[in-house]
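upload-v1.txt (compact mmCIF, C-alpha atoms and all ligand atoms)
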```
# COMPACT_ATOMS: atom_id res chain seq x y z
CA MET A 41 39.39 50.36 6.51
CA SER A 42 42.93 51.47 7.35
CA ASP A 43 44.04 54.65 5.65
CA THR A 44 47.28 54.57 3.63
CA SER A 45 47.46 58.34 4.01
CA GLY A 46 46.21 58.29 7.62
CA PRO A 47 47.63 60.49 10.35
CA LEU A 48 49.56 57.62 11.96
CA VAL A 49 51.07 55.99 8.87
CA GLY A 50 54.66 55.05 9.67
CA ARG A 51 54.01 54.79 13.42
CA THR A 52 54.35 51.62 15.50
CA ALA A 53 52.06 51.36 18.50
CA LEU A 54 51.98 49.04 21.50
CA VAL A 55 48.59 48.99 23.24
CA THR A 56 48.57 47.22 26.60
CA GLY A 57 45.30 45.52 27.44
CA GLY A 58 44.51 45.87 23.75
CA SER A 59 42.44 42.71 23.42
CA ARG A 60 39.14 43.90 24.92
CA GLY A 61 37.27 47.01 26.03
CA ILE A 62 38.94 50.40 25.75
CA GLY A 63 42.24 48.90 24.61
CA ARG A 64 40.59 47.06 21.72
CA ALA A 65 38.91 50.28 20.54
CA VAL A 66 42.26 52.08 20.78
CA ALA A 67 44.03 49.33 18.81
CA LEU A 68 41.34 49.39 16.09
CA ARG A 69 41.43 53.18 15.86
CA LEU A 70 45.24 53.50 15.73
CA ALA A 71 45.37 50.80 13.05
CA ALA A 72 42.61 52.53 11.07
CA ASP A 73 44.68 55.71 11.27
CA GLY A 74 47.62 53.84 9.73
CA ALA A 75 49.75 52.62 12.66
CA VAL A 76 51.11 49.09 12.92
CA VAL A 77 49.78 47.82 16.23
CA ALA A 78 51.15 45.37 18.79
CA VAL A 79 48.19 44.20 20.86
CA ASN A 80 49.19 43.23 24.39
CA TYR A 81 46.95 41.14 26.64
CA ARG A 82 47.18 39.02 29.78
CA ARG A 83 45.30 35.72 29.28
CA ASP A 84 42.30 35.89 26.92
CA ASP A 85 43.86 34.53 23.72
CA ASP A 86 40.56 34.48 21.82
CA ALA A 87 39.86 38.16 22.46
CA ALA A 88 43.37 39.11 21.33
CA VAL A 89 43.04 37.06 18.14
CA GLU A 90 39.66 38.66 17.49
CA THR A 91 41.16 42.15 17.79
CA VAL A 92 44.03 41.30 15.45
CA ASN A 93 41.61 39.69 12.97
CA ARG A 94 39.39 42.76 12.96
CA ILE A 95 42.39 44.97 12.22
CA THR A 96 43.70 42.79 9.42
CA ALA A 97 40.22 42.37 7.92
CA ALA A 98 40.05 46.17 7.71
CA GLY A 99 43.39 46.28 5.88
CA GLY A 100 45.59 47.13 8.88
CA THR A 101 48.58 45.40 10.44
CA ALA A 102 48.61 43.98 13.94
CA ARG A 103 50.08 41.19 16.04
CA ALA A 104 49.16 39.93 19.52
CA TYR A 105 51.57 39.66 22.46
CA ARG A 106 50.67 37.85 25.65
CA ALA A 107 52.40 39.31 28.73
CA ALA A 108 51.06 40.34 32.11
CA ILE A 109 51.95 43.95 32.79
CA GLY A 110 53.49 43.81 36.26
CA ASP A 111 55.48 40.65 35.48
CA PRO A 112 58.97 41.98 34.67
CA ASP A 113 60.25 38.90 32.83
CA ALA A 114 57.16 38.64 30.65
CA VAL A 115 57.36 42.33 29.79
CA THR A 116 61.05 42.12 28.87
CA ALA A 117 60.34 39.14 26.61
CA MET A 118 57.43 40.98 24.99
CA VAL A 119 59.49 44.10 24.27
CA THR A 120 62.22 41.98 22.67
CA ALA A 121 59.66 40.18 20.50
CA VAL A 122 57.82 43.37 19.50
CA ARG A 123 61.08 45.08 18.55
CA ALA A 124 62.10 42.11 16.38
CA GLU A 125 58.72 41.43 14.79
CA VAL A 126 56.95 44.77 14.31
CA GLY A 127 59.81 47.19 14.92
CA PRO A 128 60.72 49.88 17.44
CA VAL A 129 57.68 51.27 19.25
CA ASP A 130 57.11 55.04 18.98
CA LEU A 131 53.62 55.08 20.52
CA LEU A 132 52.86 53.35 23.79
CA VAL A 133 49.28 53.31 25.04
CA SER A 134 49.39 52.06 28.61
CA ASN A 135 45.83 50.94 29.15
CA ALA A 136 45.92 47.49 30.80
CA GLY A 137 44.18 47.47 34.12
CA THR A 138 41.99 45.65 36.58
CA ALA A 139 39.45 46.79 39.14
CA SER A 140 40.02 46.56 42.86
CA ARG A 141 37.74 44.69 45.24
CA GLY A 142 36.26 48.02 46.31
CA THR A 143 36.61 47.44 50.02
CA ALA A 144 37.05 50.19 52.61
CA ILE A 145 40.55 50.92 53.90
CA ALA A 146 39.46 49.35 57.17
CA ASP A 147 39.05 46.04 55.33
CA THR A 148 41.84 46.17 52.73
CA ASP A 149 45.16 44.47 53.28
CA GLU A 150 48.50 45.37 51.76
CA SER A 151 48.43 42.67 49.10
CA GLU A 152 45.47 44.38 47.38
CA TYR A 153 47.29 47.73 47.21
CA LEU A 154 50.40 46.03 45.85
CA ARG A 155 48.40 44.06 43.26
CA LEU A 156 46.78 47.23 41.91
CA LEU A 157 49.98 49.30 42.08
CA ARG A 158 51.84 46.63 40.14
CA VAL A 159 49.34 46.53 37.26
CA HIS A 160 48.49 50.23 37.03
CA ALA A 161 51.72 52.00 37.97
CA LEU A 162 54.86 49.95 38.60
CA GLY A 163 54.33 47.65 35.61
CA PRO A 164 53.69 50.50 33.16
CA LEU A 165 56.78 52.38 34.35
CA ALA A 166 58.89 49.23 33.95
CA LEU A 167 57.52 48.88 30.42
CA VAL A 168 58.34 52.52 29.66
CA ARG A 169 61.88 51.99 30.95
CA GLU A 170 62.33 49.14 28.47
CA LEU A 171 60.91 51.15 25.58
CA LEU A 172 62.70 54.45 26.23
CA PRO A 173 65.67 53.84 23.91
CA ASP A 174 63.20 53.37 21.01
CA LEU A 175 60.93 56.22 22.10
CA ARG A 176 63.89 58.61 22.36
CA ALA A 177 65.30 57.58 19.00
CA ALA A 178 62.03 58.18 17.13
CA GLN A 179 61.37 61.45 15.33
CA ARG A 180 58.01 61.66 17.11
CA SER A 181 57.03 59.52 20.03
CA ASP A 182 54.24 59.38 22.56
CA VAL A 183 53.23 57.67 25.75
CA VAL A 184 49.52 57.88 26.52
CA VAL A 185 48.39 56.44 29.83
CA VAL A 186 44.79 55.55 30.59
CA SER A 187 43.96 56.64 34.12
CA SER A 188 40.50 57.46 35.55
CA VAL A 189 38.50 60.38 36.90
CA ILE A 190 38.63 58.54 40.22
CA THR A 191 41.77 60.56 41.06
CA ASP A 192 39.61 63.72 41.01
CA ASP A 193 37.40 62.72 43.92
CA MET A 194 38.84 59.68 45.74
CA PRO A 195 35.49 58.09 46.67
CA ALA A 196 34.96 55.72 49.59
CA GLY A 197 35.80 52.13 48.77
CA GLY A 198 38.21 53.05 45.99
CA ALA A 199 41.53 53.41 47.81
CA ALA A 200 43.52 50.63 46.13
CA TYR A 201 42.39 51.56 42.60
CA ALA A 202 42.59 55.33 43.17
CA MET A 203 46.05 55.12 44.76
CA ALA A 204 47.27 53.01 41.83
CA LYS A 205 45.87 55.46 39.26
CA ALA A 206 47.25 58.44 41.21
CA ALA A 207 50.67 56.76 41.20
CA LEU A 208 50.34 56.20 37.45
CA GLU A 209 49.50 59.87 36.89
CA ALA A 210 52.43 61.00 39.09
CA GLY A 211 54.76 58.78 37.10
CA ALA A 212 53.38 60.02 33.78
CA ARG A 213 53.71 63.70 34.68
CA THR A 214 57.24 63.17 35.94
CA LEU A 215 58.10 61.25 32.77
CA ALA A 216 56.72 64.13 30.68
CA ALA A 217 59.11 66.53 32.41
CA GLU A 218 62.08 64.19 32.15
CA GLU A 219 61.63 63.14 28.53
CA ARG A 220 60.54 66.39 26.88
CA ASP A 221 64.09 67.14 25.76
CA HIS A 222 64.17 63.72 24.09
CA GLY A 223 61.02 64.50 22.10
CA VAL A 224 58.80 62.05 24.00
CA ARG A 225 55.29 63.38 24.67
CA VAL A 226 53.53 61.92 27.69
CA ASN A 227 49.85 62.55 28.29
CA ILE A 228 47.07 61.17 30.47
CA VAL A 229 43.53 60.23 29.40
CA ALA A 230 41.13 59.96 32.33
CA PRO A 231 37.76 58.39 31.45
CA GLY A 232 34.69 58.36 33.63
CA LEU A 233 32.48 55.28 33.39
CA VAL A 234 32.96 53.46 30.06
CA ALA A 235 30.74 50.67 28.71
CA THR A 236 33.14 47.71 28.89
CA GLU A 237 33.25 44.50 30.91
CA MET A 238 35.02 46.34 33.70
CA GLY A 239 32.45 49.16 33.57
CA SER A 240 29.56 46.69 33.56
CA ARG A 241 30.91 44.80 36.57
CA LEU A 242 31.46 48.06 38.44
CA VAL A 243 27.90 49.21 37.81
CA ALA A 244 26.45 45.84 38.83
CA ALA A 245 28.45 45.93 42.07
CA THR A 246 27.85 49.55 43.03
CA ALA A 247 24.68 50.84 41.39
CA GLY A 248 22.50 47.72 41.48
CA THR A 249 21.48 48.18 37.85
CA THR A 250 22.90 47.42 34.41
CA ILE A 251 25.19 49.75 32.53
CA GLU A 252 22.67 49.89 29.66
CA ASP A 253 20.08 51.30 32.08
CA LEU A 254 22.40 54.20 32.87
CA ASP A 255 22.40 55.55 29.30
CA GLU A 256 19.31 57.66 29.87
CA VAL A 257 20.75 59.46 32.89
CA TYR A 258 24.24 59.99 31.49
CA PRO A 259 25.41 63.13 29.67
CA PHE A 260 24.49 63.18 25.96
CA GLY A 261 22.13 60.27 26.60
CA ARG A 262 24.73 57.55 26.97
CA VAL A 263 27.54 56.17 29.07
CA ALA A 264 30.89 56.72 27.29
CA ARG A 265 31.83 54.07 24.75
CA PRO A 266 35.38 52.69 24.30
CA GLU A 267 35.52 54.58 20.97
CA ASP A 268 35.11 57.89 22.84
CA VAL A 269 38.37 57.18 24.65
CA ALA A 270 40.07 55.85 21.52
CA GLY A 271 39.35 59.09 19.65
CA VAL A 272 41.13 61.12 22.32
CA VAL A 273 44.12 58.76 22.31
CA ALA A 274 44.33 59.03 18.51
CA PHE A 275 44.23 62.82 18.76
CA LEU A 276 47.04 62.86 21.35
CA ALA A 277 49.21 60.73 19.06
CA SER A 278 48.50 62.90 16.02
CA ALA A 279 50.44 65.83 14.60
CA ASP A 280 47.67 68.12 15.86
CA ALA A 281 48.70 67.34 19.44
CA GLY A 282 52.43 67.67 18.79
CA TYR A 283 52.77 70.59 21.23
CA LEU A 284 51.06 68.80 24.12
CA THR A 285 52.88 66.99 26.88
CA GLY A 286 52.16 66.48 30.57
CA GLU A 287 48.43 67.08 29.93
CA ARG A 288 45.47 65.21 31.40
CA ILE A 289 42.25 65.00 29.40
CA ARG A 290 39.09 63.73 31.06
CA VAL A 291 36.64 61.80 28.90
CA HIS A 292 33.71 62.46 31.15
CA ALA A 293 31.30 64.79 29.30
CA GLY A 294 31.88 67.52 31.84
CA GLY A 295 30.87 65.64 34.95
CA PRO A 296 29.00 62.76 36.49
CA ALA A 297 25.62 61.39 35.57
CA ARG A 298 22.41 62.46 37.28
CA THR A 299 22.82 59.49 39.64
CA LEU A 300 25.04 58.74 42.59
CA HIS A 301 27.29 56.71 40.34
CA ARG A 302 30.46 58.74 39.77
CA ARG A 303 33.15 56.54 38.28
N1 LIG B 401 35.56 50.83 32.07
C1 LIG B 401 35.60 51.91 32.82
O1 LIG B 401 34.55 52.38 33.33
C2 LIG B 401 36.91 52.62 33.07
C3 LIG B 401 36.86 53.93 33.58
C4 LIG B 401 38.05 54.62 33.82
C5 LIG B 401 39.26 54.00 33.53
N2 LIG B 401 39.30 52.72 33.04
C6 LIG B 401 40.61 52.13 32.78
O2 LIG B 401 40.68 51.81 31.41
C7 LIG B 401 41.56 50.69 31.22
C8 LIG B 401 40.85 49.63 30.39
O3 LIG B 401 39.67 49.24 31.09
P1 LIG B 401 38.49 48.42 30.38
O4 LIG B 401 37.23 48.92 30.95
O5 LIG B 401 38.69 48.38 28.92
O6 LIG B 401 38.76 46.95 31.03
P2 LIG B 401 38.35 45.49 30.49
O7 LIG B 401 37.18 45.57 29.59
O8 LIG B 401 38.26 44.67 31.72
O9 LIG B 401 39.64 45.05 29.64
C9 LIG B 401 40.87 44.97 30.32
C10 LIG B 401 41.98 44.69 29.33
O10 LIG B 401 43.23 44.76 30.05
C11 LIG B 401 43.89 43.49 29.94
N3 LIG B 401 44.65 43.28 31.16
C12 LIG B 401 44.22 43.25 32.44
N4 LIG B 401 45.26 43.09 33.27
C13 LIG B 401 46.36 43.00 32.49
C14 LIG B 401 47.73 42.84 32.75
N5 LIG B 401 48.23 42.70 33.98
N6 LIG B 401 48.60 42.80 31.69
C15 LIG B 401 48.14 42.91 30.44
N7 LIG B 401 46.86 43.09 30.13
C16 LIG B 401 45.98 43.12 31.15
C17 LIG B 401 42.82 42.48 29.65
O11 LIG B 401 43.39 41.34 29.03
P3 LIG B 401 42.85 39.84 29.41
O12 LIG B 401 41.41 39.78 29.00
O13 LIG B 401 43.73 38.93 28.61
O14 LIG B 401 43.04 39.71 30.90
C18 LIG B 401 41.92 43.30 28.72
O15 LIG B 401 42.50 43.37 27.43
C19 LIG B 401 41.96 50.24 32.62
O16 LIG B 401 43.23 50.76 32.95
C20 LIG B 401 40.90 50.84 33.52
O17 LIG B 401 41.38 51.05 34.82
C21 LIG B 401 38.15 52.02 32.80
```
Output the structure of this file as structure tokens.
Ligand SMILES: NC(=O)c1ccc[n+]([C@@H]2O[C@H](COP(=O)([O-])OP(=O)(O)OC[C@H]3O[C@@H](n4cnc5c(N)ncnc54)[C@H](OP(=O)(O)O)[C@@H]3O)[C@@H](O)[C@H]2O)c1
Amino acid sequence: MSDTSGPLVGRTALVTGGSRGIGRAVALRLAADGAVVAVNYRRDDDAAVETVNRITAAGGTARAYRAAIGDPDAVTAMVTAVRAEVGPVDLLVSNAGTASRGTAIADTDESEYLRLLRVHALGPLALVRELLPDLRAAQRSDVVVVSSVITDDMPAGGAAYAMAKAALEAGARTLAAEERDHGVRVNIVAPGLVATEMGSRLVAATAGTTIEDLDEVYPFGRVARPEDVAGVVAFLASADAGYLTGERIRVHAGGPARTLHRR
């Protein structure tokens, strides 16, 4: 149930990749905390509708916006529509993302790097550029980007994804420095493995098991859930985190599982 006295009442959030996985949990949590939420997605209309329906059924307010992050024209059209229909955004959660093919550098061509960079780094920065007038004008505003612990260890086979997330983090930290005087907080959330479709596919491809089977070897007896990430995002957007900017919080329970799987 959304809270009429919740910590985010009066805020307007845009969650990219908000239709499924981590983004859906973030959208549900921000709405439950009182924010009006614009749910961005790329192509899965049903998942986006389901997220919006869950929010409205719980008494919150949300609307879905289809636009591929990385497609400049689609993003411009989305920002115009969001501004007109739900109002100026004062909380951007840049979460949309895709996995890379996981090939070694020896076998990866430039198009794969560019594909990942576009979705994870260049697209989000273009979106921020469009939203900055609204973010600067707000009394309190935040950009939270969802990166990954992959930038801590740069494992073999992860170059395209890790480079894209590293570029995202570089952009976010620079943005934090540039926008502090405008009141815009910019922080990074870096999850380890999270139980989503992306996480499940990654485990199937790299660990030869199912993500459910990993619960028993993961810290606290479970792989992280999307809600674990959503809670940290909600904290960063709250008044309690008002003096934080340029920070990076790992959602990783202090380290990897007792297996070789490290993402
Ligand atoms: N799961 C993990 O283990 C893990 C760990 C660390 C970091 N992360 C990061 O967390 C974020 C969310 O991952 P997830 O596990 O929740 O993935 P997921 O379950 O595959 O969901 C991805 C979401 O992003 C959307 N999306 C993908 N490409 C998009 C684009 N170009 N423009 C707009 N929306 C797009 C999808 O929409 P459609 O369905 O419409 O395509 C979907 O809503 C990603 O940035 C990922 O890199 C994930």
Distance filter 8 Å around ligand LIG 401 (chain B), atoms: all atoms listed in the file, out as a VMD selection string: chain A and resid 56 to 64 80 to 85 87 to 88 106 to 111 134 to 139 159 to 160 186 to 190 201 205 230 to 240 242 266 303
Residue nearest Gly46 in chain A among A:Ala166, A:Ala124, A:Leu156, A:Ala274 (counting only C-alpha atoms): A:Ala274
Go ahead and fit an axis-aligned box to every listed atom of range 258-275 of chain A plus 6 Å each side, and pass me the centre and edge lengths in Å, one decimal, as lines of an AutoDock Vina configuration file.
```
center_x = 33.2
center_y = 57.9
center_z = 25.0
size_x = 34.2
size_y = 22.5
size_z = 25.0
```
Residues within 12 Å of (40.8, 62.2, 19.7), counting only C-alpha atoms, listed as a PyMOL selection string: chain A and resi 47+66+69-70+73+184+229+266-281+289-291
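Of the residues under consideration (A:Glu170, A:Ala104, A:Ala71, A:Asp86), A:Glu170 shows the shortest atom-to-atom contact distance to Val119 in chain A when counting all atoms listed in the file.
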